[in-house]
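J.: Below is one structure. I have some questions about it.
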Amino acid sequence: MAKTVGFFGFDELSLELAASLLRSGFSVQAFDPQMASPSAVEFSKLGGIRCSSLKEAGKGAAAVVVLIAEPNQMDKIIFGPEGGLKGLPNDAVVILHTTVMLTYVQKLEKRLAEECGRSFVVDAYVCRATSQSLDGKLMIISSGRHDAIARAQPLLAAMSQKLYIFDGELGVGSKFKMVSQLLEGIHFVVAVEAISLGMQAGIHPLILYDIISNAAGSSRVFKKYIPKWLTCAISTQDTPISFVESLGNILGVARSLVFPLPLLAAAHQQLILGYSHGGSQDSVLLKKTWENVLGVKIQDVANGESYNPEEIAFQLIARSKKVNRVAFIGLGAMGFGMATHLLKSNFTVCGYDVYVPTLARFANAGGLVGSSPDEVSKDADVLVVMVTNETQAESVLFGDFGAVSALPAGACIILSSTVSPRFVSQLELRLHNQDKDLKLVDAPVSGGVQRASMGTLTIMASGTDEALELCVSVLSALSEKLYIIKGGCGSGSCVKMVNQLLAGVHIASTAEALAFGARLGLNTRSLFDFITNSDGTSWMLENRGPHMLDNDYTPYSALNIFVKDLGIVSHECSSRKIPLHIAITAHQLFLAGSAAGWGSLDDAAVVKVYESLTGVKVEGKLPILSKEAVMHSLPSEWPINLVDDIRKLTQNNSKPLVVLDDDPTGTQTVHDIEVLTHWKMESLIEQFRKMPKCFFILTNSRSLDSKQASELVKEICTNLHAAAKSAGDVDFTVVLRGDSTLRGHFPEATDAAAAVLGEMDAWIICPFFLHGERYTIGDVHYVAESDRLVPAGDTEFAKDHAFGYKSSNLREWVEEKTRGRIPASQVASISIELLRKGGPDAVCEQLCSLKKGSTCIVNAASERDMAVFALGMIQAELKGKRFLCRTAANFVSARIGIVSKPLVSPKDMGIYKERTGGLIVVGSYIPKTTKQVEELKLQCEQHLGCIEVSVDRVAMKPLEEREQEICQAAEMADIFIRANVDTLILTSRRLITGRTPSESLEINSKVSSALVEIVRRITAKPRYILAKGGITSSDLATKALEARSAIVVGQALPGVPLWQLGDDSRHPGVPYIVFPGNVGDHKALAEVVRCWSCPARLASAKDLLLNAEKGGYAVGAFNVYNLEGVEAVVKAAEEESSPAILQIHPAALKQGGLPLVACCVSAAEQACVPITVHFDHGTSKQDLIEVIQLGFDSLMVDASHLPFKENVSYTKYISNLAHTKNILVEAELGRLSGTEDDLSVEEYEAKLTDVNQARDFINETGIDALAVCIGNVHGKYPLGGPNLKLDLLKDLHALASEKGVFLVLHGASGLPKELIKNCINLGIRKFNVNTEVRKAYMNSLAIPSKDLVHAMTSAKEAMKAVVAEKMRLFGSAGKA
């Protein structure tokens, strides 16, 4: 059932609001005392319901739109006995459609809450847009509490074509209106001033209007009002007294905020002056009063004879004289563009400038150059002077080596500098007195540097017909619009003066408006956007406003230029006795800016005068938002999991997705997908014949310049098109996978793909990437930093030297990157509201409704949003639509229905036991990467070999130094990797950039190629390879490792793809971790490296025994005393692929000390099979406490000589301490006879383990392993052989299995093989071996050797043979 909306009060705008709601499927009911009005009748025709009372209009409504034109209407409509809120549901939204002052709106909100309990209240300032793109359509500015705005947003969106919504207190709309009215007031008064000055100077006002309305001095107010004033069409409705009162109210608000508005104050006084002299509120009388004050009769002058300046130009061009040689003085920013364009137009041009490097540039462009003004002027038919001011013009014409002395008789001078009309008139007279028949054309220009170089300037020229005929071909070549102004020399400068008056005031008024908006607490960027669609806009506001919002004062036109130009205006108004209050006030603002030291900055820096005085900041950054608050405010996600539907449609569709990845990080959301690093036809045909749902082609185009990237994309798309045709006319969709932080070759790569694949129905822009926390909400792309959402344009990524940008709003980003080719207003958008409320069908409908060739951005804040869009897009494709996508990684996985799988570990890749170091290569320079590297060093410093490659040496120094740096790094890396040390190769962290983006790319290329060469020269096979940064990872994969293909196995960390290199690479099967530069927090890199580094132990002591329990075998614990013994055990274990335990007895520890322990620990860490280190028979509490700190994996507490209770107490104490260090604890119950390392237990002291005591012992002590006494002895067994109580062992095994404790048997030396096997079958998982190994060592020493080294080798081999035999006997061989 459709939601109902009530209207309290009805006017013309209300009719449009209601009509929009009705078209959107809402039910609308309204009441107004004048319900018989034409608007109300039309409302009924549209299907609206007319009500007889306010209560009836509000009955059952989900929202009401309350029209309040005057504050005194509030009580009657809302709070009175017949007020409409009486029967309104409590959760209904109240939308205040009002234009009353801010203070009234805020008081109304408070009363609604206190008296009516209304919490869902928003205001709505409704007006018509006057911009060309939104001509006449409704705009709404609405504000209110977050929950109220969330409820009202769908209604507001349905009612408007342009919606601005803001969380917070009511009244934002009133504030927007105030700022727009401020501008309208200033622009209206200055328009009258400007026209009056022009008329005083003898310029016909209609000609002035025609020129300025198409020039930089134009404003919407100028276009709206001046024609009416000039044609007597002005009415009482134009500038009514209520408007003057509104300006007074704005000044009142400014006073309360202690904020100066000098331009508005001057405009307000002018209006008051006009009305007070006229004694009436009639706008016609206002005009007459101003005519008297300004000394002009507007109507009389406007009715005078006019002419067409452009038509005169056409006539002159038809009879123009040939120009053989042009001299050009003043090759500044504008002059250089003009002079080089004349060269392109086949004129011979000789140029001069005081700045010598500019002369060299001009010569390189094909021009002739001279060393002085007189030198370039010899033999010139026409001399163009384009210098900064009158003083410079005087100098180059009449100073030392001046041009006038060298010019041939009859030559013509074009003065294009902005100077005063008085100077031009005096100059013409001076030239006449030279008796050389020199001619002067006054031809100031407008249009800026770019248009100067393109020959599309606006030129206002005046002079004699003879002079104009001589030089009009030059003027025509430089201009798009050429106006010939009658009145002789100086008339052109008069027109330029009037234009500059308006332009300067409009810049200053823009500064005043935006600064006041900032003081009002408004988002200045949204305010600016609103103004551009309102009557407050001007050409200069739209051009200079972005400079102020971006806080970018790169001088396109210096502030001091307007100090000069408005100074000319000031002088003229004094000499002509015309009061120009607005222009003079603006001049003072520019003077203040120059005095503050900002004169050489862009003229938009006049806003800094307001900022420095008031402390506000105009810079229009989008706000940083609370991530939690934003996510909570969004509608609930689409309730249905769509993965199965996507998979089903994808399978039936059989249309492969081909992802052209500009670096390897795009594979970060997929698994079990193939990646090609080349695009040869045979490989592409093979892919298409396999008909995969998706495959990637690694282009690495981000490392190229735009031209190279475009050519590459064209080549790949051409091959794809041909391969698909050869494979049976396979249809496919191309995705240009790009950076989720908006860096890369857009639109160049997209244009290149479309040039080959043909025009698409739409380009899809979708940078959402969950793992990188990149969200697009409300068309703004955000990067999450902790709990905040930062607009992408304000992050480090936007400052990229090659791919930087300013816009966070994706519509504006498209316009910025396409340089205006695709305006923001023409970019379509899939909103989160559409995704979450309309679902895939709504997405499909919107995509199908797009105009062919559209660009569409996709909002998304979750993977479910992405799935909804993907399914809608597939449905549209099935209807024949074709799309070209530029997306981040999440789109790809959503589009092919991939479900995420657990993170990939070293065990999954089968490299858990590899004992070489990993290789980590870092090329990314972004601050996030630098922080991650610092944390990696901090966490892994002891186990990390760091090699820093000097960027200066490999990119900026001679080849010899580059080669030396590369060789040294490769040699060190080889050594580290072979020594099982993870090796970090990183570029020096000081970023070196070029002067241009292309130079920066070249430096990046040199650094990347150096890293490639280093990795190429490393001969050791790394355990794994991790590449940090997109370009780095691509170059290493394709160039250093020579991989032609790889499989994306999955992710090593969310957003960090892991590849398995193909058989054709240098290291087949080695895991290749592609770590994006912009993913993860500061600990992420360290986390991955620690996971993938070779563990210090391949298994813990507990793991060894657990695996033995599961596998039904036992692990040998071999006593060692020196290096030879340690190496013998480890070597035997590696050769037999067996786990083993290095065991140190207290006597051995006493002799070998810490070096022996360190030797065992190091050997265990370096071994390629699981080895642990055990401390055996610890009887001394001091020894046991000390060894807990020394790196042992397990220890044995031997208190078997103590009474049972003391044994329990002692063992429990040590056990608790050891477990805090994750050390496995073994203890003995019962007592073995025999001798081990000089410790003897007599036969009468020995006793067997008691099962019942064992149960209590295990329960009390918490031990992990129990050394049992079942008749076994230390050392040699009696002549009669061992007599083990296997029945007792069986009972102990049952108990151990119940308690999760491992059984250990000491005294394994001398036990028969069958008995060993029986013991293993009955649960023994660890055998201690000492006597036989020692004997082999001693026997070896008895054999004479030539050298100590030979004796050591012989001893190791002898011991190794015994150890290996035991491993085979225990069943552990082959189990590592």
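Scheme for the structure tokens: letters A, B, ... for chains in order shown; per-chain residue numbers from 1; ligand numbers from 1 in order shown.
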Identify, on the basis of only C-alpha atoms, every residue whose closest approach to A:Ile977 does not exceed 12 Å; exclude the query and any residue fewer than 5 positions from it along the same chain; express the result as a VMD selection string.

T.: chain A and resid 914 to 920 943 to 946 970 to 972 982 to 985 1015 1018 to 1025 1093 to 1094

J.: Create the file for the chosen residues now, containing C-alpha atoms and written as a PDB file, in the first residue's frame.

T.:
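What ended up in again-v1.pdb:
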```pdb
ATOM      1  CA  GLU A 914      60.954 -25.573   4.026  1.00  0.00           C
ATOM      2  CA  ARG A 915      64.023 -24.232   5.827  1.00  0.00           C
ATOM      3  CA  THR A 916      65.066 -21.293   3.669  1.00  0.00           C
ATOM      4  CA  GLY A 917      64.280 -17.664   4.296  1.00  0.00           C
ATOM      5  CA  GLY A 918      61.434 -15.807   2.682  1.00  0.00           C
ATOM      6  CA  LEU A 919      61.905 -12.787   0.414  1.00  0.00           C
ATOM      7  CA  ILE A 920      60.020  -9.555   1.108  1.00  0.00           C
ATOM      8  CA  HIS A 943      64.936 -12.737  12.613  1.00  0.00           C
ATOM      9  CA  LEU A 944      64.941 -10.321   9.669  1.00  0.00           C
ATOM     10  CA  GLY A 945      67.739  -9.417   7.291  1.00  0.00           C
ATOM     11  CA  CYS A 946      67.184  -5.842   6.081  1.00  0.00           C
ATOM     12  CA  ALA A 970      71.494  -9.340  -4.522  1.00  0.00           C
ATOM     13  CA  GLU A 971      74.597 -10.856  -2.913  1.00  0.00           C
ATOM     14  CA  MET A 972      73.431 -10.083   0.627  1.00  0.00           C
ATOM     15  CA  ASP A 982      63.647 -13.805   6.053  1.00  0.00           C
ATOM     16  CA  THR A 983      65.049 -11.044   3.861  1.00  0.00           C
ATOM     17  CA  LEU A 984      63.518  -7.585   3.515  1.00  0.00           C
ATOM     18  CA  ILE A 985      64.588  -5.613   0.443  1.00  0.00           C
ATOM     19  CA  VAL A1015      65.503 -10.369  -7.445  1.00  0.00           C
ATOM     20  CA  ILE A1018      69.130 -14.003  -6.314  1.00  0.00           C
ATOM     21  CA  THR A1019      69.891 -17.678  -6.944  1.00  0.00           C
ATOM     22  CA  ALA A1020      68.561 -19.128  -3.659  1.00  0.00           C
ATOM     23  CA  LYS A1021      64.986 -20.392  -3.770  1.00  0.00           C
ATOM     24  CA  PRO A1022      62.981 -18.465  -1.153  1.00  0.00           C
ATOM     25  CA  ARG A1023      60.473 -20.188   1.103  1.00  0.00           C
ATOM     26  CA  TYR A1024      57.926 -17.603  -0.088  1.00  0.00           C
ATOM     27  CA  ILE A1025      58.028 -14.243  -1.892  1.00  0.00           C
ATOM     28  CA  SER A1093      58.233 -17.206   8.162  1.00  0.00           C
ATOM     29  CA  CYS A1094      59.847 -20.526   8.900  1.00  0.00           C
TER      30      CYS A1094
END
```

J.: Considering only C-alpha atoms, return as a list in words whatever protein or nucleic-acid residues lie within 10 Å of A:Phe768, sequence-local ones (same chain, fewer than 4 positions apart) excluded.

T.: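 Within the cut-off, the hits are Asp739, Ser740, Thr741, Gly772, Glu773, Arg774, Tyr775, Thr776, Ile777, His781, Tyr782, Val783, Val858, Asn859, Ala860, Ala861, Ser862, Glu863, Asp865, Met866, Thr887, Ala888, Ala889, Asn890 and Phe891 of chain A.
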
J.: At what distance in Å, to one decimal, does atom CA of A:Gly738 lie from atom CA of A:Asp661?

T.: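 Interatomic distance here is 6.7 Å.
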
J.: If we count only C-alpha atoms and set the cut-off at 12 Å, which residues sit around A:Phe314, ignoring sequence neighbours fewer than 4 positions away in its own chain? Please answer as an MDAnalysis selection string.

T.: chainID A and resid 308:310 318:320 468:469 472:473 475:476 481:484

J.: Would you output that residue set with N, CA, C and O atoms, as a PDB file, in the first residue's frame?

T.:
```
ATOM      1  N   ASN A 308      26.493  46.161 -34.402  1.00  0.00           N
ATOM      2  CA  ASN A 308      26.907  44.786 -34.098  1.00  0.00           C
ATOM      3  C   ASN A 308      28.431  44.694 -34.173  1.00  0.00           C
ATOM      4  O   ASN A 308      28.997  44.690 -35.269  1.00  0.00           O
ATOM      5  N   PRO A 309      29.108  44.635 -33.005  1.00  0.00           N
ATOM      6  CA  PRO A 309      30.582  44.628 -33.014  1.00  0.00           C
ATOM      7  C   PRO A 309      31.176  43.435 -33.745  1.00  0.00           C
ATOM      8  O   PRO A 309      32.249  43.553 -34.353  1.00  0.00           O
ATOM      9  N   GLU A 310      30.530  42.305 -33.700  1.00  0.00           N
ATOM     10  CA  GLU A 310      31.051  41.118 -34.384  1.00  0.00           C
ATOM     11  C   GLU A 310      30.885  41.242 -35.893  1.00  0.00           C
ATOM     12  O   GLU A 310      31.741  40.796 -36.669  1.00  0.00           O
ATOM     13  N   ALA A 318      37.179  40.709 -44.085  1.00  0.00           N
ATOM     14  CA  ALA A 318      37.016  40.529 -45.531  1.00  0.00           C
ATOM     15  C   ALA A 318      37.955  41.442 -46.329  1.00  0.00           C
ATOM     16  O   ALA A 318      38.318  41.133 -47.480  1.00  0.00           O
ATOM     17  N   ARG A 319      38.355  42.565 -45.732  1.00  0.00           N
ATOM     18  CA  ARG A 319      39.244  43.478 -46.461  1.00  0.00           C
ATOM     19  C   ARG A 319      40.576  43.673 -45.735  1.00  0.00           C
ATOM     20  O   ARG A 319      41.232  44.716 -45.857  1.00  0.00           O
ATOM     21  N   SER A 320      40.966  42.660 -44.974  1.00  0.00           N
ATOM     22  CA  SER A 320      42.196  42.761 -44.176  1.00  0.00           C
ATOM     23  C   SER A 320      43.434  42.771 -45.067  1.00  0.00           C
ATOM     24  O   SER A 320      43.436  42.248 -46.183  1.00  0.00           O
ATOM     25  N   LEU A 468      42.787  48.985 -37.970  1.00  0.00           N
ATOM     26  CA  LEU A 468      42.139  47.688 -37.776  1.00  0.00           C
ATOM     27  C   LEU A 468      42.301  46.798 -39.000  1.00  0.00           C
ATOM     28  O   LEU A 468      42.518  45.595 -38.881  1.00  0.00           O
ATOM     29  N   GLU A 469      42.187  47.381 -40.203  1.00  0.00           N
ATOM     30  CA  GLU A 469      42.349  46.586 -41.424  1.00  0.00           C
ATOM     31  C   GLU A 469      43.748  45.984 -41.505  1.00  0.00           C
ATOM     32  O   GLU A 469      43.935  44.869 -41.974  1.00  0.00           O
ATOM     33  N   VAL A 472      43.762  43.156 -38.388  1.00  0.00           N
ATOM     34  CA  VAL A 472      42.614  42.324 -38.028  1.00  0.00           C
ATOM     35  C   VAL A 472      42.881  40.833 -38.263  1.00  0.00           C
ATOM     36  O   VAL A 472      42.320  39.967 -37.588  1.00  0.00           O
ATOM     37  N   SER A 473      43.765  40.493 -39.209  1.00  0.00           N
ATOM     38  CA  SER A 473      44.065  39.069 -39.435  1.00  0.00           C
ATOM     39  C   SER A 473      44.769  38.467 -38.212  1.00  0.00           C
ATOM     40  O   SER A 473      44.555  37.299 -37.865  1.00  0.00           O
ATOM     41  N   LEU A 475      44.376  39.646 -35.045  1.00  0.00           N
ATOM     42  CA  LEU A 475      43.343  39.591 -34.000  1.00  0.00           C
ATOM     43  C   LEU A 475      42.405  38.402 -34.223  1.00  0.00           C
ATOM     44  O   LEU A 475      42.010  37.721 -33.282  1.00  0.00           O
ATOM     45  N   SER A 476      42.052  38.171 -35.475  1.00  0.00           N
ATOM     46  CA  SER A 476      41.144  37.060 -35.795  1.00  0.00           C
ATOM     47  C   SER A 476      41.770  35.719 -35.464  1.00  0.00           C
ATOM     48  O   SER A 476      41.100  34.806 -34.966  1.00  0.00           O
ATOM     49  N   LYS A 481      35.952  35.126 -30.239  1.00  0.00           N
ATOM     50  CA  LYS A 481      35.004  36.220 -30.360  1.00  0.00           C
ATOM     51  C   LYS A 481      35.797  37.518 -30.488  1.00  0.00           C
ATOM     52  O   LYS A 481      36.566  37.879 -29.601  1.00  0.00           O
ATOM     53  N   LEU A 482      35.613  38.191 -31.603  1.00  0.00           N
ATOM     54  CA  LEU A 482      36.295  39.460 -31.845  1.00  0.00           C
ATOM     55  C   LEU A 482      35.239  40.565 -31.944  1.00  0.00           C
ATOM     56  O   LEU A 482      34.371  40.528 -32.815  1.00  0.00           O
ATOM     57  N   TYR A 483      35.301  41.507 -31.019  1.00  0.00           N
ATOM     58  CA  TYR A 483      34.362  42.629 -30.994  1.00  0.00           C
ATOM     59  C   TYR A 483      35.105  43.900 -31.394  1.00  0.00           C
ATOM     60  O   TYR A 483      36.143  44.237 -30.799  1.00  0.00           O
ATOM     61  N   ILE A 484      34.601  44.587 -32.380  1.00  0.00           N
ATOM     62  CA  ILE A 484      35.163  45.879 -32.771  1.00  0.00           C
ATOM     63  C   ILE A 484      34.288  46.963 -32.139  1.00  0.00           C
ATOM     64  O   ILE A 484      33.092  47.081 -32.451  1.00  0.00           O
TER      65      ILE A 484
END
```

J.: Smallest atom-to-atom distance to A:Leu1105: which of A:Ser1372, A:Gln1253, A:Ser27, A:Ser526, using only C-alpha atoms?

T.: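 Result for the nearest residue to A:Leu1105: A:Ser1372.
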
J.: Excluding A:Phe10 and its own-chain neighbours fewer than 3 positions away, which residues fall within 9 Å of it when counting only C-alpha atoms? Please give them as a list of chain:residue names.

T.: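 The residues satisfying every condition are A:Phe7, A:Leu13, A:Ser14, A:Leu15, A:Ala30, A:Phe31, A:Asp32, A:Pro33, A:Gln34, A:Met35, A:Ser39, A:Ala40, A:Val66, A:Leu67.
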
J.: Include C-alpha atoms and write out the residues we just selected as an mmCIF file, in the first residue's frame.

T.:
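Below you can see out-v3.cif, which holds the result:
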```cif
data_model
loop_
_atom_site.group_PDB
_atom_site.id
_atom_site.type_symbol
_atom_site.label_atom_id
_atom_site.label_comp_id
_atom_site.auth_asym_id
_atom_site.auth_seq_id
_atom_site.Cartn_x
_atom_site.Cartn_y
_atom_site.Cartn_z
ATOM 1 C CA PHE A 7 0.109 18.923 2.766
ATOM 2 C CA LEU A 13 5.734 25.005 -5.492
ATOM 3 C CA SER A 14 3.571 22.701 -3.361
ATOM 4 C CA LEU A 15 1.785 21.586 -6.521
ATOM 5 C CA ALA A 30 -3.884 18.384 1.042
ATOM 6 C CA PHE A 31 -5.719 21.224 2.712
ATOM 7 C CA ASP A 32 -5.516 24.926 2.012
ATOM 8 C CA PRO A 33 -8.075 27.683 2.684
ATOM 9 C CA GLN A 34 -7.802 28.515 -1.017
ATOM 10 C CA MET A 35 -8.434 24.977 -2.264
ATOM 11 C CA SER A 39 -3.066 24.976 -8.238
ATOM 12 C CA ALA A 40 -5.509 23.058 -6.076
ATOM 13 C CA VAL A 66 3.758 22.178 6.306
ATOM 14 C CA LEU A 67 3.828 25.427 4.308
#
```

J.: I'd like the neighbourhood of A:Tyr104 as a list in words, where a residue qualifies if any of its atoms comes within 12 Å (using only C-alpha atoms), though same-chain residues fewer than 3 positions away should be ignored.

T.: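 Contacts, in chain order: Ile68, Ala69, Glu70, Pro71, Asn72, Gln73, Met74, Leu96, Thr98, Thr99, Val100, Met101, Lys107, Leu108, Glu109, Lys110, Arg111, Asp123, Leu170, Gly171 and Ser174 of chain A.
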
J.: Neighbours of A:Arg811 within 9 Å (only C-alpha atoms; same-chain residues fewer than 5 positions away dropped), as number ranges by chain?

T.: A: 779-780, 816, 823-829, 856-857

J.: Put those residues in a file: N, CA, C and O atoms, as an mmCIF file, in the first residue's frame.

T.:
```
data_model
loop_
_atom_site.group_PDB
_atom_site.id
_atom_site.type_symbol
_atom_site.label_atom_id
_atom_site.label_comp_id
_atom_site.auth_asym_id
_atom_site.auth_seq_id
_atom_site.Cartn_x
_atom_site.Cartn_y
_atom_site.Cartn_z
ATOM 1 N N ASP A 779 27.297 8.925 -3.134
ATOM 2 C CA ASP A 779 28.160 9.264 -4.271
ATOM 3 C C ASP A 779 29.563 9.702 -3.854
ATOM 4 O O ASP A 779 30.397 9.987 -4.715
ATOM 5 N N VAL A 780 29.838 9.760 -2.556
ATOM 6 C CA VAL A 780 31.164 10.149 -2.063
ATOM 7 C C VAL A 780 31.940 8.885 -1.714
ATOM 8 O O VAL A 780 31.421 7.991 -1.043
ATOM 9 N N GLU A 816 36.337 15.680 -13.124
ATOM 10 C CA GLU A 816 37.724 16.119 -12.959
ATOM 11 C C GLU A 816 38.668 15.318 -13.843
ATOM 12 O O GLU A 816 39.508 15.881 -14.550
ATOM 13 N N PRO A 823 30.408 15.910 -17.697
ATOM 14 C CA PRO A 823 30.056 16.744 -16.543
ATOM 15 C C PRO A 823 29.474 15.901 -15.411
ATOM 16 O O PRO A 823 28.837 14.865 -15.640
ATOM 17 N N ALA A 824 29.697 16.345 -14.197
ATOM 18 C CA ALA A 824 29.179 15.633 -13.024
ATOM 19 C C ALA A 824 27.669 15.465 -13.109
ATOM 20 O O ALA A 824 27.119 14.439 -12.703
ATOM 21 N N SER A 825 27.005 16.483 -13.656
ATOM 22 C CA SER A 825 25.542 16.432 -13.730
ATOM 23 C C SER A 825 25.032 15.341 -14.658
ATOM 24 O O SER A 825 23.872 14.946 -14.577
ATOM 25 N N GLN A 826 25.908 14.843 -15.555
ATOM 26 C CA GLN A 826 25.481 13.809 -16.499
ATOM 27 C C GLN A 826 25.876 12.394 -16.060
ATOM 28 O O GLN A 826 25.651 11.440 -16.788
ATOM 29 N N VAL A 827 26.472 12.284 -14.883
ATOM 30 C CA VAL A 827 26.884 10.971 -14.372
ATOM 31 C C VAL A 827 25.729 10.366 -13.583
ATOM 32 O O VAL A 827 25.222 10.971 -12.642
ATOM 33 N N ALA A 828 25.316 9.174 -13.977
ATOM 34 C CA ALA A 828 24.228 8.486 -13.278
ATOM 35 C C ALA A 828 24.768 7.815 -12.018
ATOM 36 O O ALA A 828 25.972 7.661 -11.834
ATOM 37 N N SER A 829 23.847 7.402 -11.147
ATOM 38 C CA SER A 829 24.259 6.830 -9.854
ATOM 39 C C SER A 829 23.295 5.748 -9.414
ATOM 40 O O SER A 829 22.078 5.922 -9.496
ATOM 41 N N CYS A 856 28.037 5.544 -15.124
ATOM 42 C CA CYS A 856 27.214 5.280 -13.947
ATOM 43 C C CYS A 856 28.109 4.866 -12.783
ATOM 44 O O CYS A 856 28.907 3.934 -12.917
ATOM 45 N N ILE A 857 27.995 5.550 -11.650
ATOM 46 C CA ILE A 857 28.742 5.164 -10.461
ATOM 47 C C ILE A 857 27.865 4.297 -9.572
ATOM 48 O O ILE A 857 26.646 4.405 -9.579
#
```

J.: DSSP on the backbone, helix (DSSP H, G or I) only: what residues of stretch 739-783 of chain A does that give? Format it as a list of chain:residue names.

T.: A:Glu748, A:Ala749, A:Thr750, A:Asp751, A:Ala752, A:Ala753, A:Ala754, A:Ala755, A:Val756, A:Leu757

J.: How would the residues just picked look written out with N, CA and C atoms as an mmCIF file, in the first residue's frame?

T.:
```
data_model
loop_
_atom_site.group_PDB
_atom_site.id
_atom_site.type_symbol
_atom_site.label_atom_id
_atom_site.label_comp_id
_atom_site.auth_asym_id
_atom_site.auth_seq_id
_atom_site.Cartn_x
_atom_site.Cartn_y
_atom_site.Cartn_z
ATOM 1 N N GLU A 748 41.599 7.302 -19.744
ATOM 2 C CA GLU A 748 42.385 6.887 -20.908
ATOM 3 C C GLU A 748 42.220 5.397 -21.223
ATOM 4 N N ALA A 749 42.346 4.546 -20.163
ATOM 5 C CA ALA A 749 42.238 3.101 -20.401
ATOM 6 C C ALA A 749 40.828 2.726 -20.845
ATOM 7 N N THR A 750 39.837 3.372 -20.260
ATOM 8 C CA THR A 750 38.445 3.086 -20.626
ATOM 9 C C THR A 750 38.164 3.520 -22.058
ATOM 10 N N ASP A 751 38.659 4.686 -22.415
ATOM 11 C CA ASP A 751 38.505 5.148 -23.808
ATOM 12 C C ASP A 751 39.163 4.171 -24.778
ATOM 13 N N ALA A 752 40.347 3.688 -24.406
ATOM 14 C CA ALA A 752 41.081 2.774 -25.285
ATOM 15 C C ALA A 752 40.311 1.474 -25.480
ATOM 16 N N ALA A 753 39.762 0.934 -24.391
ATOM 17 C CA ALA A 753 38.994 -0.312 -24.504
ATOM 18 C C ALA A 753 37.752 -0.110 -25.357
ATOM 19 N N ALA A 754 37.067 1.002 -25.138
ATOM 20 C CA ALA A 754 35.846 1.275 -25.903
ATOM 21 C C ALA A 754 36.147 1.483 -27.380
ATOM 22 N N ALA A 755 37.327 2.028 -27.674
ATOM 23 C CA ALA A 755 37.697 2.248 -29.080
ATOM 24 C C ALA A 755 37.786 0.934 -29.841
ATOM 25 N N VAL A 756 38.135 -0.148 -29.142
ATOM 26 C CA VAL A 756 38.269 -1.461 -29.785
ATOM 27 C C VAL A 756 36.971 -2.251 -29.686
ATOM 28 N N LEU A 757 36.376 -2.250 -28.505
ATOM 29 C CA LEU A 757 35.206 -3.100 -28.256
ATOM 30 C C LEU A 757 33.903 -2.469 -28.707
#
```

J.: Find the spatial neighbours of stretch 675-686 of chain A, counting only C-alpha atoms, within a cut-off of 10 Å - ignore same-chain residues fewer than 6 positions away - and output them as a PyMOL selection string.

T.: chain A and resi 659-661+664+667+694-700+715-728+730+1034+1037-1039+1042-1048+1059+1061-1062

J.: Taking the DSSP secondary structure from the backbone, can you list the residues of stretch 182-424 of chain A that are strand (DSSP E), as a ChimeraX atom specification?

T.: /A:326-329,349-352,368-369,382-385,412-415
